[in-house]
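Coordinates as given in model-v7.pdb (PDB, C-alpha atoms):
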ATOM      1  CA  MET A 156       1.852  20.376   9.616
ATOM      2  CA  ASN A 157       4.820  18.547  11.139
ATOM      3  CA  ARG A 158       7.683  17.579   8.880
ATOM      4  CA  THR A 159       7.068  14.129   7.364
ATOM      5  CA  ASP A 160       9.956  11.669   7.057
ATOM      6  CA  LEU A 161       8.175   8.306   6.886
ATOM      7  CA  ILE A 162       4.842   7.063   5.552
ATOM      8  CA  ILE A 163       3.693   3.722   6.952
ATOM      9  CA  PHE A 164       1.166   1.604   5.077
ATOM     10  CA  ASP A 165      -0.914  -1.340   6.162
ATOM     11  CA  LEU A 166      -0.881  -4.141   3.596
ATOM     12  CA  GLY A 167      -4.197  -6.028   3.558
ATOM     13  CA  ARG A 168      -7.236  -4.088   2.266
ATOM     14  CA  VAL A 169      -4.960  -1.095   1.607
ATOM     15  CA  LEU A 170      -2.343  -2.272  -0.915
ATOM     16  CA  ILE A 171      -3.762  -5.705  -1.646
ATOM     17  CA  ASP A 172      -7.304  -6.958  -1.299
ATOM     18  CA  PHE A 173      -8.147 -10.511  -0.300
ATOM     19  CA  ASP A 174     -11.059 -12.918  -0.315
ATOM     20  CA  PHE A 175     -10.759 -15.236   2.681
ATOM     21  CA  ASN A 176     -14.082 -16.842   1.742
ATOM     22  CA  TYR A 177     -12.120 -18.577  -1.019
ATOM     23  CA  VAL A 178     -10.128 -20.421   1.673
ATOM     24  CA  ILE A 179     -13.308 -21.356   3.537
ATOM     25  CA  ARG A 180     -14.968 -22.707   0.388
ATOM     26  CA  ARG A 181     -11.918 -24.780  -0.504
ATOM     27  CA  LEU A 182     -11.510 -26.148   3.039
ATOM     28  CA  LYS A 183     -15.195 -27.134   3.073
ATOM     29  CA  LYS A 184     -14.366 -29.818   0.499
ATOM     30  CA  HIS A 185     -12.155 -31.544   3.082
ATOM     31  CA  THR A 186     -14.235 -31.292   6.274
ATOM     32  CA  PRO A 187     -17.693 -32.256   7.561
ATOM     33  CA  LEU A 188     -17.996 -28.760   9.076
ATOM     34  CA  SER A 189     -20.162 -26.125   7.401
ATOM     35  CA  GLU A 190     -18.755 -22.940   5.876
ATOM     36  CA  LYS A 191     -20.265 -20.988   8.761
ATOM     37  CA  GLN A 192     -18.564 -23.264  11.315
ATOM     38  CA  ILE A 193     -15.211 -22.851   9.531
ATOM     39  CA  HIS A 194     -15.699 -19.073   9.426
ATOM     40  CA  ASN A 195     -16.529 -18.940  13.139
ATOM     41  CA  TYR A 196     -13.500 -21.089  13.943
ATOM     42  CA  PHE A 197     -11.118 -18.632  12.300
ATOM     43  CA  ILE A 198     -12.762 -15.703  14.103
ATOM     44  CA  ARG A 199     -12.475 -17.334  17.534
ATOM     45  CA  THR A 200      -9.333 -19.446  17.488
ATOM     46  CA  PRO A 201      -6.246 -18.084  19.281
ATOM     47  CA  LEU A 202      -4.230 -20.056  16.715
ATOM     48  CA  TRP A 203      -4.589 -17.197  14.216
ATOM     49  CA  ASP A 204      -3.030 -14.682  16.596
ATOM     50  CA  ALA A 205      -0.207 -17.097  17.431
ATOM     51  CA  PHE A 206       0.496 -17.728  13.734
ATOM     52  CA  GLU A 207       0.648 -14.000  12.978
ATOM     53  CA  ARG A 208       3.010 -13.468  15.932
ATOM     54  CA  GLY A 209       5.370 -16.142  14.653
ATOM     55  CA  LYS A 210       4.755 -18.403  17.641
ATOM     56  CA  VAL A 211       3.526 -21.262  15.453
ATOM     57  CA  SER A 212       5.295 -22.584  12.359
ATOM     58  CA  ALA A 213       3.440 -23.008   9.087
ATOM     59  CA  ALA A 214       3.600 -26.799   9.401
ATOM     60  CA  ASP A 215       2.273 -26.745  12.978
ATOM     61  CA  PHE A 216      -0.462 -24.298  11.950
ATOM     62  CA  PHE A 217      -1.625 -26.746   9.291
ATOM     63  CA  ARG A 218      -1.496 -29.678  11.710
ATOM     64  CA  ARG A 219      -3.684 -27.770  14.175
ATOM     65  CA  LEU A 220      -6.164 -26.894  11.421
ATOM     66  CA  GLU A 221      -6.180 -30.517  10.293
ATOM     67  CA  LYS A 222      -7.177 -31.583  13.806
ATOM     68  CA  ASP A 223      -9.565 -28.741  14.701
ATOM     69  CA  LEU A 224     -11.393 -28.679  11.368
ATOM     70  CA  LYS A 225     -11.306 -32.462  10.895
ATOM     71  CA  LEU A 226      -9.581 -32.080   7.522
ATOM     72  CA  LYS A 227      -9.198 -35.168   5.353
ATOM     73  CA  GLY A 228      -7.444 -35.696   2.026
ATOM     74  CA  LEU A 229      -5.458 -32.447   2.150
ATOM     75  CA  THR A 230      -1.672 -32.319   2.414
ATOM     76  CA  PHE A 231       0.365 -29.312   3.531
ATOM     77  CA  GLU A 232       1.717 -29.007  -0.034
ATOM     78  CA  GLU A 233      -1.879 -28.715  -1.282
ATOM     79  CA  PHE A 234      -2.932 -26.451   1.581
ATOM     80  CA  ALA A 235      -0.281 -23.752   1.022
ATOM     81  CA  PRO A 236      -1.487 -22.594  -2.443
ATOM     82  CA  LEU A 237      -5.110 -22.853  -1.260
ATOM     83  CA  TRP A 238      -4.245 -20.618   1.708
ATOM     84  CA  ASN A 239      -2.334 -18.116  -0.422
ATOM     85  CA  SER A 240      -4.470 -17.722  -3.556
ATOM     86  CA  ILE A 241      -6.666 -14.954  -2.159
ATOM     87  CA  PHE A 242      -4.883 -11.708  -3.038
ATOM     88  CA  THR A 243      -5.559  -8.979  -5.600
ATOM     89  CA  GLU A 244      -3.339  -5.918  -5.938
ATOM     90  CA  LYS A 245      -5.059  -2.564  -5.365
ATOM     91  CA  HIS A 246      -3.439  -0.693  -8.247
ATOM     92  CA  ASP A 247      -4.934   2.696  -7.375
ATOM     93  CA  THR A 248      -3.354   2.683  -3.900
ATOM     94  CA  VAL A 249      -0.082   1.247  -5.189
ATOM     95  CA  ALA A 250       0.027   4.210  -7.597
ATOM     96  CA  ILE A 251      -0.031   6.541  -4.573
ATOM     97  CA  VAL A 252       2.876   4.627  -3.028
ATOM     98  CA  ARG A 253       4.779   4.953  -6.313
ATOM     99  CA  GLN A 254       4.290   8.720  -6.172
ATOM    100  CA  LEU A 255       5.247   9.017  -2.488
ATOM    101  CA  ARG A 256       8.409   6.917  -2.665
ATOM    102  CA  ARG A 257      10.085   9.557  -4.836
ATOM    103  CA  ARG A 258      10.137  11.991  -1.907
ATOM    104  CA  TYR A 259       9.660  10.001   1.311
ATOM    105  CA  ARG A 260      10.837   6.854   3.014
ATOM    106  CA  ILE A 261       8.046   4.317   3.140
ATOM    107  CA  ALA A 262       7.229   1.381   5.419
ATOM    108  CA  ILE A 263       4.788  -1.514   5.587
ATOM    109  CA  LEU A 264       3.346  -2.564   8.926
ATOM    110  CA  SER A 265       1.319  -5.738   8.473
ATOM    111  CA  ASN A 266      -0.403  -8.277  10.684
ATOM    112  CA  VAL A 267       0.502 -11.276   8.573
ATOM    113  CA  ASN A 268       1.601 -14.902   8.767
ATOM    114  CA  ILE A 269       4.698 -16.313   7.103
ATOM    115  CA  LEU A 270       2.836 -18.123   4.313
ATOM    116  CA  HIS A 271       0.921 -15.028   3.201
ATOM    117  CA  TRP A 272       3.945 -12.731   3.542
ATOM    118  CA  GLU A 273       6.299 -14.920   1.514
ATOM    119  CA  PHE A 274       3.635 -15.396  -1.148
ATOM    120  CA  VAL A 275       2.948 -11.657  -1.478
ATOM    121  CA  VAL A 276       6.663 -10.792  -1.503
ATOM    122  CA  GLY A 277       7.185 -13.280  -4.316
ATOM    123  CA  ARG A 278       4.236 -12.096  -6.405
ATOM    124  CA  HIS A 279       3.982  -8.320  -5.956
ATOM    125  CA  ALA A 280       6.960  -6.205  -7.032
ATOM    126  CA  PHE A 281       5.826  -3.107  -5.113
ATOM    127  CA  ILE A 282       6.690  -4.824  -1.812
ATOM    128  CA  HIS A 283      10.359  -4.332  -2.663
ATOM    129  CA  TRP A 284       9.922  -0.551  -2.798
ATOM    130  CA  PHE A 285       9.587  -0.304   0.976
ATOM    131  CA  ASP A 286      12.504   0.891   3.084
ATOM    132  CA  HIS A 287      11.092  -0.702   6.253
ATOM    133  CA  PRO A 288       8.879  -3.765   5.688
ATOM    134  CA  VAL A 289       7.646  -5.001   9.081
ATOM    135  CA  ALA A 290       5.699  -8.279   9.219
ATOM    136  CA  SER A 291       4.108  -9.227  12.534
ATOM    137  CA  TYR A 292       5.159 -12.893  12.378
ATOM    138  CA  ALA A 293       8.815 -11.829  12.110
ATOM    139  CA  VAL A 294       8.809  -9.410  15.060
ATOM    140  CA  GLY A 295       6.372 -11.077  17.500
ATOM    141  CA  TYR A 296       3.982  -8.116  17.773
ATOM    142  CA  ARG A 297       0.687  -7.343  16.074
ATOM    143  CA  LYS A 298      -1.258  -4.146  15.621
ATOM    144  CA  PRO A 299      -2.682  -2.592  17.744
ATOM    145  CA  ASP A 300       0.309  -3.403  20.031
ATOM    146  CA  ALA A 301       2.101  -0.106  20.633
ATOM    147  CA  GLU A 302       5.468  -1.858  20.392
ATOM    148  CA  ILE A 303       5.080  -2.716  16.708
ATOM    149  CA  PHE A 304       4.672   0.984  15.920
ATOM    150  CA  ARG A 305       7.651   1.886  18.074
ATOM    151  CA  LEU A 306       9.696  -0.781  16.315
ATOM    152  CA  VAL A 307       9.196   0.720  12.856
ATOM    153  CA  LEU A 308       9.945   4.196  14.238
ATOM    154  CA  ARG A 309      13.203   2.884  15.724
ATOM    155  CA  GLN A 310      14.127   1.274  12.409
ATOM    156  CA  ALA A 311      13.581   4.607  10.663
ATOM    157  CA  GLY A 312      15.268   6.579  13.438
ATOM    158  CA  ILE A 313      12.498   9.158  13.727
ATOM    159  CA  PRO A 314      10.063  10.420  16.393
ATOM    160  CA  PRO A 315       6.367   9.575  15.956
ATOM    161  CA  GLN A 316       5.498  13.154  14.996
ATOM    162  CA  ARG A 317       7.434  12.733  11.730
ATOM    163  CA  ALA A 318       5.523   9.644  10.605
ATOM    164  CA  VAL A 319       2.193   9.127   8.872
ATOM    165  CA  PHE A 320       0.250   5.860   9.171
ATOM    166  CA  ILE A 321      -2.542   4.495   6.945
ATOM    167  CA  ASP A 322      -4.699   1.493   7.917
ATOM    168  CA  ASP A 323      -8.231   0.256   7.248
ATOM    169  CA  VAL A 324      -8.876  -0.770  10.889
ATOM    170  CA  GLN A 325      -9.945   1.994  13.274
ATOM    171  CA  ALA A 326      -8.369   0.303  16.323
ATOM    172  CA  HIS A 327      -4.997   0.316  14.568
ATOM    173  CA  VAL A 328      -5.364   3.968  13.611
ATOM    174  CA  ASP A 329      -6.283   4.831  17.205
ATOM    175  CA  ALA A 330      -3.260   2.921  18.555
ATOM    176  CA  ALA A 331      -0.886   4.782  16.249
ATOM    177  CA  ARG A 332      -2.435   8.121  17.169
ATOM    178  CA  ALA A 333      -2.060   7.272  20.863
ATOM    179  CA  ILE A 334       1.733   7.290  20.516
ATOM    180  CA  GLY A 335       1.771  10.462  18.426
ATOM    181  CA  ILE A 336       1.727   9.204  14.812
ATOM    182  CA  ARG A 337      -0.464  11.193  12.427
ATOM    183  CA  SER A 338      -2.856   8.522  11.156
ATOM    184  CA  TYR A 339      -5.636   8.107   8.627
ATOM    185  CA  LEU A 340      -8.361   5.486   8.288
ATOM    186  CA  PHE A 341      -8.190   4.025   4.789
ATOM    187  CA  ILE A 342     -11.510   4.022   2.935
ATOM    188  CA  ASN A 343     -10.337   4.046  -0.682
ATOM    189  CA  ALA A 344      -7.560   5.519  -2.821
ATOM    190  CA  GLN A 345      -9.562   8.629  -3.667
ATOM    191  CA  LYS A 346     -10.102   9.459   0.017
ATOM    192  CA  LEU A 347      -6.434   8.727   0.747
ATOM    193  CA  ARG A 348      -5.360  11.228  -1.898
ATOM    194  CA  MET A 349      -7.505  13.825  -0.139
ATOM    195  CA  ASP A 350      -6.051  12.929   3.287
ATOM    196  CA  LEU A 351      -2.494  13.154   1.966
ATOM    197  CA  ALA A 352      -3.074  16.198  -0.256
ATOM    198  CA  GLU A 353      -0.340  18.302   1.378
ATOM    199  CA  ILE A 354       2.170  15.442   1.235
ATOM    200  CA  LEU A 355       1.355  14.569  -2.382
ATOM    201  CA  ARG A 356       1.908  18.121  -3.703
TER     202      ARG A 356
END
Could you rewrite the structure in this file as C-alpha cells?
Amino acid sequence: MNRTDLIIFDLGRVLIDFDFNYVIRRLKKHTPLSEKQIHNYFIRTPLWDAFERGKVSAADFFRRLEKDLKLKGLTFEEFAPLWNSIFTEKHDTVAIVRQLRRRYRIAILSNVNILHWEFVVGRHAFIHWFDHPVASYAVGYRKPDAEIFRLVLRQAGIPPQRAVFIDDVQAHVDAARAIGIRSYLFINAQKLRMDLAEILR
C-alpha cells in the first residue's frame, strides 16, 4: 500500500445524514405545487448547481425559489431555518474520523451551499477537526470536477497517490480514482472500517 498522508471525507450521507423531504414538506405549505412537483424541480433546476458553486447568493437563491415555486407567505428569515433543519450527525462515522485524526491529516470535500455549510459548521464540532475543509460554494467547483480534487491535494501539498477519499456517490469515487486517489464507496461505518483496516491499525 502507498504511504497515506491525507484522508478526504465527503460530508453528506457520510458524516451527517439529511432528510431533504423535510424541506419539501415545509415548502408545500407555501405553494400550490405538489410535493412531487417540488421534488422534481430540485432535481432538474440548474439553480441548485449554481448555488453549490457559489454563483448565486443565498438571498438570490431564495428569490428564484420564491418565483419558480410560487411561494407565498414565506420570508428569507423563515426560509433559512427551514432549509437548514435537515441534518443528523452520523456518530459511528465521526468516531472513525476521531480515530484517524490522531495519525493523519484529514480533509472534507463537500458539494454544499453556503446556508448548509455555515449551519453545519456552527452546529457540529467535528467540522473543526479538519485540516483542509473544502466547500464547493467557496471554490467554484463541484464533485465530480477533477479540479476540486486537485485543489485539496494542492492545499495539502501531496500527490494523489498519498491520499484516500471516501464518498457515497460512485461517480465521485470514480472521478477521484481517475486522477490517482485511492477511493472507497461509503456504504456504512462498518464497511468503512473494513476498507480502512490497514490505516486504522
Query raised in the report: Of the candidates A:Ile334, A:Lys298, A:Asn268, A:Phe341, which shows the shortest atom-to-atom distance to Val211 of chain A, using only C-alpha atoms?
Result: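 For Val211 of chain A, the nearest of the given residues is A:Asn268.
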Edge lengths and centre in Å, axis-aligned, segment 185-204 of chain A plus 6 Å each side, as lines of an AutoDock Vina configuration file:
center_x = -11.6
center_y = -23.5
center_z = 11.2
size_x = 29.2
size_y = 29.6
size_z = 28.2
Query raised in the report: Do you know which residues the PyMOL selection byres ((chain A and resi 231-234) around 9) returns on this file, as a list in words?
Result: Leu182, Ala213, Ala214, Phe217, Arg218, Leu229, Thr230, Ala235, Pro236, Leu237, Trp238 and Asn239 of chain A
Residues of segment 196-304 of chain A that approach segment 164-180 of chain A to 10 Å or less, counting only C-alpha atoms: could you list each one with the shortest pair of atoms and its distance in Å to one decimal, rows by chain and increasing residue number, as a tab-separated table?
residue	atom	partner	partner_atom	distance
A:Phe197	CA	A:Ile179	CA	9.4
A:Phe234	CA	A:Val178	CA	9.4
A:Pro236	CA	A:Val178	CA	9.8
A:Leu237	CA	A:Val178	CA	6.3
A:Trp238	CA	A:Val178	CA	5.9
A:Asn239	CA	A:Val178	CA	8.4
A:Ser240	CA	A:Tyr177	CA	8.1
A:Ile241	CA	A:Phe173	CA	5.0
A:Phe242	CA	A:Phe173	CA	4.4
A:Thr243	CA	A:Asp172	CA	5.1
A:Glu244	CA	A:Ile171	CA	4.3
A:Lys245	CA	A:Ile171	CA	5.0
A:His246	CA	A:Leu170	CA	7.6
A:Asp247	CA	A:Leu170	CA	8.6
A:Thr248	CA	A:Leu170	CA	5.9
A:Val249	CA	A:Leu170	CA	6.0
A:Ala250	CA	A:Leu170	CA	9.6
A:Ile251	CA	A:Leu170	CA	9.8
A:Val252	CA	A:Phe164	CA	8.8
A:Ile261	CA	A:Phe164	CA	7.6
A:Ala262	CA	A:Phe164	CA	6.1
A:Ile263	CA	A:Phe164	CA	4.8
A:Leu264	CA	A:Asp165	CA	5.2
A:Ser265	CA	A:Asp165	CA	5.4
A:Asn266	CA	A:Leu166	CA	8.2
A:Val267	CA	A:Gly167	CA	8.6
A:Trp272	CA	A:Leu166	CA	9.9
A:Val275	CA	A:Ile171	CA	9.0
A:His279	CA	A:Ile171	CA	9.2
A:Phe281	CA	A:Leu170	CA	9.2
A:Ile282	CA	A:Leu166	CA	9.3
A:Phe285	CA	A:Phe164	CA	9.6
A:Pro288	CA	A:Phe164	CA	9.4
A:Val289	CA	A:Asp165	CA	9.8
A:Ala290	CA	A:Leu166	CA	9.6
A:Lys298	CA	A:Asp165	CA	9.9
Report task. Return the single residue from A:Lys184, A:Arg208, A:Arg348, A:Arg337 that is closest to Leu224 of chain A, with distances computed using all atoms listed in the file. Result ->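 Once distances to Leu224 of chain A are computed over all atoms listed in the file, the minimum belongs to A:Lys184.
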Query raised in the report: So what does the PyMOL selection byres ((chain A and resi 255) around 10) actually pick up in this one, as a ChimeraX atom specification?
Result: /A:161-162,249-254,256-261,351,354-356
Report task. Go ahead and compute the interatomic distance for atom CA of Leu226 of chain A and atom CA of Glu207 of chain A, in Å to one decimal. Result ->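 Rounded to one decimal, the two atoms are 21.5 Å apart.
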Query raised in the report: What is the distance between atom CA of Asp160 of chain A and atom CA of Ile313 of chain A, in Å to one decimal?
Result: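 Distance reported for this atom pair: 7.6 Å.
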Report task. Give me, please, the distance in Å between atom CA of Glu190 of chain A and atom CA of Gln325 of chain A, quoted to one decimal. Result ->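 Going from atom CA of Glu190 of chain A over to atom CA of Gln325 of chain A, I get 27.5 Å.
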Query raised in the report: Which residue gives the smallest distance to Asp323 of chain A among A:Ala344, A:Val307, A:Leu202, A:Ile336, with only C-alpha atoms counted?
Result: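 With only C-alpha atoms as the atom set, the closest residue is A:Ala344.
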So which residues fall inside 12 Å of (12.8, 8.5, 14.3) if we count only C-alpha atoms? Mind giving them as a PDB file with C-alpha atoms, in the coordinates of the input?
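Writing the result to point-v9.pdb gives the following:
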ATOM      1  CA  ARG A 158       7.683  17.579   8.880  1.00  0.00           C
ATOM      2  CA  THR A 159       7.068  14.129   7.364  1.00  0.00           C
ATOM      3  CA  ASP A 160       9.956  11.669   7.057  1.00  0.00           C
ATOM      4  CA  LEU A 161       8.175   8.306   6.886  1.00  0.00           C
ATOM      5  CA  ILE A 162       4.842   7.063   5.552  1.00  0.00           C
ATOM      6  CA  ARG A 260      10.837   6.854   3.014  1.00  0.00           C
ATOM      7  CA  PHE A 304       4.672   0.984  15.920  1.00  0.00           C
ATOM      8  CA  ARG A 305       7.651   1.886  18.074  1.00  0.00           C
ATOM      9  CA  LEU A 306       9.696  -0.781  16.315  1.00  0.00           C
ATOM     10  CA  VAL A 307       9.196   0.720  12.856  1.00  0.00           C
ATOM     11  CA  LEU A 308       9.945   4.196  14.238  1.00  0.00           C
ATOM     12  CA  ARG A 309      13.203   2.884  15.724  1.00  0.00           C
ATOM     13  CA  GLN A 310      14.127   1.274  12.409  1.00  0.00           C
ATOM     14  CA  ALA A 311      13.581   4.607  10.663  1.00  0.00           C
ATOM     15  CA  GLY A 312      15.268   6.579  13.438  1.00  0.00           C
ATOM     16  CA  ILE A 313      12.498   9.158  13.727  1.00  0.00           C
ATOM     17  CA  PRO A 314      10.063  10.420  16.393  1.00  0.00           C
ATOM     18  CA  PRO A 315       6.367   9.575  15.956  1.00  0.00           C
ATOM     19  CA  GLN A 316       5.498  13.154  14.996  1.00  0.00           C
ATOM     20  CA  ARG A 317       7.434  12.733  11.730  1.00  0.00           C
ATOM     21  CA  ALA A 318       5.523   9.644  10.605  1.00  0.00           C
ATOM     22  CA  VAL A 319       2.193   9.127   8.872  1.00  0.00           C
ATOM     23  CA  GLY A 335       1.771  10.462  18.426  1.00  0.00           C
ATOM     24  CA  ILE A 336       1.727   9.204  14.812  1.00  0.00           C
TER      25      ILE A 336
END
Query raised in the report: Which is closest to Lys227 of chain A among A:Ala205, A:Ile198, A:Leu188, A:Leu347, if we use all atoms listed in the file?
Result: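 Checking each candidate against Lys227 of chain A, we get A:Leu188 as the closest.
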